[in-house]
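Single-structure report; data block below.
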Amino acid sequence: MKKISFIIPCYNEEENVVRLHSALDRFTQETFEVNDVRMDMKNFEWEFLFVNDGSKDDTLRALRNLRREDARVSVLNLSRNFGKESAMLAGLDYASGDAAVIIDADLQHPLEVVPEMIYWWERGYDDVYGQRRSRGKESRIRKVLSLSFYRMLGKMSDIDILPNVGDFRLLDRRAIRALTQLRETQRYMKGLYCWVGFNKKAVEFDTADRQVGESNFRLTRLLNLAIEGITSYTTSPLRIATVSGLIVSLCAFIYLIYILVKTLVWGEVVAGFPTLICVILFLGGMQLLALGIIGEYIGRIFNETKGRPPYLIESFNEENQN
């Protein structure tokens with residue numbers, strides 16, 4: 001019997017984890033029809049691996065109560081909040097299934113799509129990812145910014161980044177092994193999924209509305225994640241800074257020749273203070289932008305050279321980790 005692990009990163013999801021466990025329990029008892037194939041979820045062995053990412057509410061207590069009631073539940077408790085990217089890596093490290101399905105704890109990923117993922121997995125695909133048809137109840141500005149980011153990253157990156165695709169996916173054991181070999185501390189999993197390659201298959205779904213609580217991802221955190229994604233998988237910002245510097249220098253040289261010729265031929269009245277200030281501010285802004293881009297990459301180098309682990313475990317199934 002094949003074993004499938006659900007990996008569920010949790011941060012302040014006290015009100016959702018019990019609901020999610022009930023949904024998972026019902027799901028494992030159901031039968032689905034996928035492409036004229038009858039799929040009974042009872043024919044699989046299941047693991048529900050919850051990763052508590054340093055929650056500040058009673059999420060950990062709720063998870064431990066679920067474990068006492070259901071042997072399929074495993075609780076991986078991180079020593080502090082390391083972020084969702086590291087929490088997913090921890091889940092992949094500890095998942096024991098032949099495949100793993102990564103879902104959010106907020107019930108926005110529909111479990112009804114998972115049987116179709118399993119269907120394609122059993123036919124040889126290593127990474128069956130969910131591709132959003134709709135993004136659910138989300139602000140218009142966040143939708144526009146998210147889609148714009150995917151388009152920009154796709155054009156700038158050295159690898160193909162799948163548009164409008166998140167972490168909701170099924171991964172075969174060999175894809176899991178490949179991902180767990182990548183130990184960088186500043187992680188962008190959506191890019192790593194693409195970087196490791198393997199056979200991929202898209203499954204479309206509609207994002208459900210969050211039932212309880214508010215999303216922990218604010219615009220500032222999404223902006224930080226976008227910067228992580230860009231600086232992790234492309235050096236295009238450095239090239240842009242270089243090309244911009246060359247263009248500005250060329251324009252400045254042409255303007256210098258123009259001023260020189262004009263002064264020699266027609267003479268020049270002392271003037272142009274506003275123009276001078278604008279040029280100085282423009283060039284200063286360009287220099288600060290270039291220094292900021294370089295600083296982002298140097299900062300990544302600084303953090304990676306420390307060699308720190310991406311996460312630390314406080315306990316696994318209530319056993320302290322030394």
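Identifiers in the structure tokens: chain A, B, ... in order shown; residue index from 1 per chain; ligand index from 1 in order shown.
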Task: Non-local contacts of Ile4 (chain A) (9 Å; only C-alpha atoms; under 6 positions in same chain excluded) as a list in words - done: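 Neighbouring residues, sequence-local ones excluded: Phe44, Glu45, Trp46, Glu47, Phe48, Ala95, Ser96, Gly97, Asp98, Ala99, Ala100 and Val101 of chain A.
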Open item on the list: Between CA of Tyr119 (chain A) and CA of Gln29 (chain A), what is the distance in Å, rounded to a tenth?
Closed with: 16.8 Å
Quick one: which region 60-81 of chain A residues come within 10 Å of region 14-25 of chain A, and what is the nearest atom pair for each with the distance in Å to one decimal, counting only C-alpha atoms, rows ordered by chain and ascending number, as a tab-separated table?
```
residue	atom	partner	partner_atom	distance
A:Leu60	CA	A:Glu14	CA	7.8
A:Arg61	CA	A:Glu14	CA	8.5
A:Ala62	CA	A:Glu14	CA	6.5
A:Leu63	CA	A:Val17	CA	7.2
A:Asn65	CA	A:Val18	CA	9.5
A:Leu66	CA	A:Val18	CA	7.6
A:Asp70	CA	A:Asp25	CA	9.5
A:Arg72	CA	A:Asp25	CA	9.7
A:Val73	CA	A:His21	CA	8.8
```
Would you save the residues from that selection as a PDB file, in the first residue's frame, using all heavy atoms?
```pdb
ATOM      1  N   LEU A  60       0.048  24.780  18.784  1.00  0.00           N
ATOM      2  CA  LEU A  60       0.798  23.585  19.189  1.00  0.00           C
ATOM      3  C   LEU A  60      -0.034  22.693  20.099  1.00  0.00           C
ATOM      4  O   LEU A  60      -0.043  21.470  19.934  1.00  0.00           O
ATOM      5  CB  LEU A  60       2.100  23.991  19.879  1.00  0.00           C
ATOM      6  CG  LEU A  60       3.000  22.843  20.341  1.00  0.00           C
ATOM      7  CD1 LEU A  60       3.412  21.954  19.159  1.00  0.00           C
ATOM      8  CD2 LEU A  60       4.239  23.378  21.061  1.00  0.00           C
ATOM      9  N   ARG A  61      -0.716  23.290  21.049  1.00  0.00           N
ATOM     10  CA  ARG A  61      -1.564  22.487  21.946  1.00  0.00           C
ATOM     11  C   ARG A  61      -2.664  21.774  21.164  1.00  0.00           C
ATOM     12  O   ARG A  61      -2.933  20.586  21.388  1.00  0.00           O
ATOM     13  CB  ARG A  61      -2.181  23.385  23.011  1.00  0.00           C
ATOM     14  CG  ARG A  61      -3.088  22.646  23.999  1.00  0.00           C
ATOM     15  CD  ARG A  61      -3.768  23.619  24.948  1.00  0.00           C
ATOM     16  NE  ARG A  61      -4.523  24.631  24.233  1.00  0.00           N
ATOM     17  CZ  ARG A  61      -5.741  24.416  23.717  1.00  0.00           C
ATOM     18  NH1 ARG A  61      -6.317  23.218  23.832  1.00  0.00           N
ATOM     19  NH2 ARG A  61      -6.366  25.383  23.082  1.00  0.00           N
ATOM     20  N   ALA A  62      -3.283  22.489  20.227  1.00  0.00           N
ATOM     21  CA  ALA A  62      -4.332  21.876  19.415  1.00  0.00           C
ATOM     22  C   ALA A  62      -3.786  20.719  18.580  1.00  0.00           C
ATOM     23  O   ALA A  62      -4.429  19.671  18.446  1.00  0.00           O
ATOM     24  CB  ALA A  62      -4.968  22.935  18.507  1.00  0.00           C
ATOM     25  N   LEU A  63      -2.586  20.882  18.043  1.00  0.00           N
ATOM     26  CA  LEU A  63      -1.983  19.821  17.223  1.00  0.00           C
ATOM     27  C   LEU A  63      -1.655  18.590  18.077  1.00  0.00           C
ATOM     28  O   LEU A  63      -1.869  17.446  17.649  1.00  0.00           O
ATOM     29  CB  LEU A  63      -0.724  20.346  16.545  1.00  0.00           C
ATOM     30  CG  LEU A  63      -0.927  21.418  15.464  1.00  0.00           C
ATOM     31  CD1 LEU A  63       0.414  21.912  14.939  1.00  0.00           C
ATOM     32  CD2 LEU A  63      -1.770  20.873  14.312  1.00  0.00           C
ATOM     33  N   ASN A  65      -3.150  17.668  20.766  1.00  0.00           N
ATOM     34  CA  ASN A  65      -4.416  17.005  21.075  1.00  0.00           C
ATOM     35  C   ASN A  65      -4.879  16.137  19.904  1.00  0.00           C
ATOM     36  O   ASN A  65      -5.378  15.022  20.102  1.00  0.00           O
ATOM     37  CB  ASN A  65      -5.487  18.043  21.409  1.00  0.00           C
ATOM     38  CG  ASN A  65      -5.253  18.707  22.753  1.00  0.00           C
ATOM     39  OD1 ASN A  65      -4.576  18.141  23.616  1.00  0.00           O
ATOM     40  ND2 ASN A  65      -5.814  19.890  22.949  1.00  0.00           N
ATOM     41  N   LEU A  66      -4.701  16.642  18.682  1.00  0.00           N
ATOM     42  CA  LEU A  66      -5.071  15.857  17.503  1.00  0.00           C
ATOM     43  C   LEU A  66      -4.223  14.592  17.393  1.00  0.00           C
ATOM     44  O   LEU A  66      -4.728  13.522  17.032  1.00  0.00           O
ATOM     45  CB  LEU A  66      -4.904  16.704  16.233  1.00  0.00           C
ATOM     46  CG  LEU A  66      -5.898  17.850  16.024  1.00  0.00           C
ATOM     47  CD1 LEU A  66      -5.514  18.676  14.800  1.00  0.00           C
ATOM     48  CD2 LEU A  66      -7.318  17.307  15.871  1.00  0.00           C
ATOM     49  N   ASP A  70      -5.469  10.774  16.925  1.00  0.00           N
ATOM     50  CA  ASP A  70      -5.295  10.181  15.594  1.00  0.00           C
ATOM     51  C   ASP A  70      -3.820   9.854  15.385  1.00  0.00           C
ATOM     52  O   ASP A  70      -2.970  10.761  15.346  1.00  0.00           O
ATOM     53  CB  ASP A  70      -5.780  11.164  14.517  1.00  0.00           C
ATOM     54  CG  ASP A  70      -5.801  10.563  13.121  1.00  0.00           C
ATOM     55  OD1 ASP A  70      -5.228   9.469  12.917  1.00  0.00           O
ATOM     56  OD2 ASP A  70      -6.378  11.192  12.218  1.00  0.00           O
ATOM     57  N   ARG A  72      -2.349   8.979  12.812  1.00  0.00           N
ATOM     58  CA  ARG A  72      -1.824   9.441  11.523  1.00  0.00           C
ATOM     59  C   ARG A  72      -1.220  10.839  11.625  1.00  0.00           C
ATOM     60  O   ARG A  72      -0.491  11.271  10.725  1.00  0.00           O
ATOM     61  CB  ARG A  72      -2.939   9.454  10.472  1.00  0.00           C
ATOM     62  CG  ARG A  72      -3.532   8.082  10.173  1.00  0.00           C
ATOM     63  CD  ARG A  72      -4.764   8.203   9.289  1.00  0.00           C
ATOM     64  NE  ARG A  72      -5.823   8.956   9.956  1.00  0.00           N
ATOM     65  CZ  ARG A  72      -7.017   9.217   9.428  1.00  0.00           C
ATOM     66  NH1 ARG A  72      -7.294   8.777   8.203  1.00  0.00           N
ATOM     67  NH2 ARG A  72      -7.929   9.896  10.102  1.00  0.00           N
ATOM     68  N   VAL A  73      -1.523  11.548  12.682  1.00  0.00           N
ATOM     69  CA  VAL A  73      -1.043  12.917  12.857  1.00  0.00           C
ATOM     70  C   VAL A  73       0.374  12.913  13.425  1.00  0.00           C
ATOM     71  O   VAL A  73       0.655  12.231  14.414  1.00  0.00           O
ATOM     72  CB  VAL A  73      -1.974  13.715  13.792  1.00  0.00           C
ATOM     73  CG1 VAL A  73      -1.376  15.090  14.104  1.00  0.00           C
ATOM     74  CG2 VAL A  73      -3.355  13.869  13.168  1.00  0.00           C
TER      75      VAL A  73
END
```
Open item on the list: Taking 2 positions as the minimum chain separation for residues in the same chain, which residues sit within 8 Å of Pro110 (chain A) when counting only C-alpha atoms? Answer as a list in words.
Closed with: Leu107, Gln108, Glu112, Val113, Val114, Phe205, Asp206, Thr207 and Ala208 of chain A
Open item on the list: I'd like to know which of A:Leu192, A:Ile257, A:Leu92, A:Leu250 is closest to Thr180 (chain A), using only C-alpha atoms.
Closed with: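 The shortest atom-to-atom distance to Thr180 (chain A) comes from A:Leu92.
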TODO: Pull the strand (DSSP E or B) assignments for region 68-149 of chain A out of DSSP run on the backbone, and list those residues as a PyMOL selection string.
DONE: chain A and resi 73-78+99-102+127-134
Since we have the selection now, will you write its residues out, keeping all heavy atoms, as a compact mmCIF listing (two decimals), in the first residue's frame?
```
# COMPACT_ATOMS: atom_id res chain seq x y z
N VAL A 73 -1.52 11.55 12.68
CA VAL A 73 -1.04 12.92 12.86
C VAL A 73 0.37 12.91 13.43
O VAL A 73 0.65 12.23 14.41
CB VAL A 73 -1.97 13.72 13.79
CG1 VAL A 73 -1.38 15.09 14.10
CG2 VAL A 73 -3.35 13.87 13.17
N SER A 74 1.27 13.66 12.80
CA SER A 74 2.61 13.91 13.32
C SER A 74 2.77 15.41 13.51
O SER A 74 2.28 16.20 12.69
CB SER A 74 3.68 13.38 12.37
OG SER A 74 3.67 11.97 12.32
N VAL A 75 3.43 15.79 14.60
CA VAL A 75 3.60 17.21 14.93
C VAL A 75 5.08 17.53 15.00
O VAL A 75 5.80 17.01 15.86
CB VAL A 75 2.91 17.56 16.26
CG1 VAL A 75 3.10 19.05 16.56
CG2 VAL A 75 1.43 17.20 16.22
N LEU A 76 5.53 18.37 14.08
CA LEU A 76 6.91 18.82 14.04
C LEU A 76 6.93 20.26 14.53
O LEU A 76 6.36 21.15 13.88
CB LEU A 76 7.45 18.71 12.62
CG LEU A 76 8.92 19.07 12.37
CD1 LEU A 76 9.84 18.15 13.17
CD2 LEU A 76 9.25 18.96 10.88
N ASN A 77 7.56 20.50 15.67
CA ASN A 77 7.54 21.82 16.30
C ASN A 77 8.90 22.49 16.14
O ASN A 77 9.91 22.03 16.68
CB ASN A 77 7.19 21.67 17.78
CG ASN A 77 7.08 23.02 18.47
OD1 ASN A 77 6.61 23.99 17.89
ND2 ASN A 77 7.53 23.09 19.72
N LEU A 78 8.94 23.58 15.37
CA LEU A 78 10.18 24.33 15.18
C LEU A 78 10.46 25.18 16.42
O LEU A 78 9.55 25.59 17.14
CB LEU A 78 10.11 25.21 13.94
CG LEU A 78 9.78 24.51 12.61
CD1 LEU A 78 9.95 25.48 11.45
CD2 LEU A 78 10.62 23.28 12.39
N ALA A 99 5.00 9.78 -1.43
CA ALA A 99 4.77 11.08 -2.05
C ALA A 99 4.28 12.01 -0.95
O ALA A 99 3.86 11.58 0.12
CB ALA A 99 3.74 10.99 -3.17
N ALA A 100 4.36 13.30 -1.22
CA ALA A 100 3.91 14.29 -0.24
C ALA A 100 3.06 15.34 -0.93
O ALA A 100 3.37 15.78 -2.05
CB ALA A 100 5.11 14.96 0.45
N VAL A 101 1.98 15.74 -0.27
CA VAL A 101 1.11 16.81 -0.75
C VAL A 101 1.26 17.99 0.19
O VAL A 101 1.04 17.87 1.40
CB VAL A 101 -0.37 16.37 -0.80
CG1 VAL A 101 -1.25 17.52 -1.28
CG2 VAL A 101 -0.54 15.15 -1.70
N ILE A 102 1.68 19.13 -0.34
CA ILE A 102 1.85 20.34 0.47
C ILE A 102 0.58 21.18 0.36
O ILE A 102 0.14 21.52 -0.74
CB ILE A 102 3.06 21.16 -0.01
CG1 ILE A 102 4.34 20.31 0.05
CG2 ILE A 102 3.22 22.42 0.83
CD1 ILE A 102 5.55 21.00 -0.53
N ASP A 127 6.02 15.77 -10.12
CA ASP A 127 5.59 17.03 -9.52
C ASP A 127 4.27 17.42 -10.18
O ASP A 127 4.25 17.94 -11.28
CB ASP A 127 6.66 18.11 -9.74
CG ASP A 127 6.28 19.44 -9.11
OD1 ASP A 127 5.17 19.56 -8.56
OD2 ASP A 127 7.10 20.37 -9.17
N VAL A 128 3.17 17.16 -9.46
CA VAL A 128 1.85 17.51 -9.97
C VAL A 128 1.41 18.76 -9.20
O VAL A 128 1.06 18.68 -8.02
CB VAL A 128 0.84 16.37 -9.78
CG1 VAL A 128 -0.48 16.73 -10.47
CG2 VAL A 128 1.39 15.06 -10.32
N TYR A 129 1.47 19.90 -9.85
CA TYR A 129 1.26 21.17 -9.15
C TYR A 129 -0.12 21.75 -9.45
O TYR A 129 -0.69 21.56 -10.53
CB TYR A 129 2.34 22.18 -9.54
CG TYR A 129 2.43 22.49 -11.02
CD1 TYR A 129 1.66 23.49 -11.60
CD2 TYR A 129 3.30 21.76 -11.85
CE1 TYR A 129 1.75 23.77 -12.96
CE2 TYR A 129 3.39 22.03 -13.20
CZ TYR A 129 2.62 23.04 -13.74
OH TYR A 129 2.70 23.30 -15.10
N GLY A 130 -0.66 22.44 -8.46
CA GLY A 130 -1.94 23.11 -8.63
C GLY A 130 -1.76 24.48 -9.26
O GLY A 130 -0.94 25.28 -8.80
N GLN A 131 -2.49 24.72 -10.34
CA GLN A 131 -2.44 26.02 -11.02
C GLN A 131 -3.77 26.72 -10.82
O GLN A 131 -4.83 26.18 -11.14
CB GLN A 131 -2.13 25.86 -12.50
CG GLN A 131 -1.81 27.17 -13.21
CD GLN A 131 -1.11 26.93 -14.54
OE1 GLN A 131 -1.43 25.99 -15.25
NE2 GLN A 131 -0.15 27.77 -14.88
N ARG A 132 -3.72 27.93 -10.28
CA ARG A 132 -4.94 28.64 -9.92
C ARG A 132 -5.74 29.08 -11.14
O ARG A 132 -5.20 29.71 -12.04
CB ARG A 132 -4.62 29.86 -9.07
CG ARG A 132 -3.85 29.58 -7.79
CD ARG A 132 -3.64 30.90 -7.05
NE ARG A 132 -2.75 30.75 -5.91
CZ ARG A 132 -1.44 30.96 -5.94
NH1 ARG A 132 -0.87 31.31 -7.09
NH2 ARG A 132 -0.71 30.81 -4.86
N ARG A 133 -7.05 28.77 -11.13
CA ARG A 133 -7.95 29.39 -12.09
C ARG A 133 -8.43 30.73 -11.55
O ARG A 133 -8.61 31.69 -12.29
CB ARG A 133 -9.16 28.48 -12.35
CG ARG A 133 -8.95 27.41 -13.38
CD ARG A 133 -10.27 26.77 -13.78
NE ARG A 133 -10.91 26.14 -12.64
CZ ARG A 133 -10.93 24.81 -12.42
NH1 ARG A 133 -10.36 24.00 -13.28
NH2 ARG A 133 -11.54 24.32 -11.37
N SER A 134 -8.70 30.76 -10.24
CA SER A 134 -9.08 32.00 -9.56
C SER A 134 -8.33 32.05 -8.24
O SER A 134 -7.92 31.02 -7.70
CB SER A 134 -10.59 32.05 -9.32
OG SER A 134 -10.99 31.04 -8.40
```
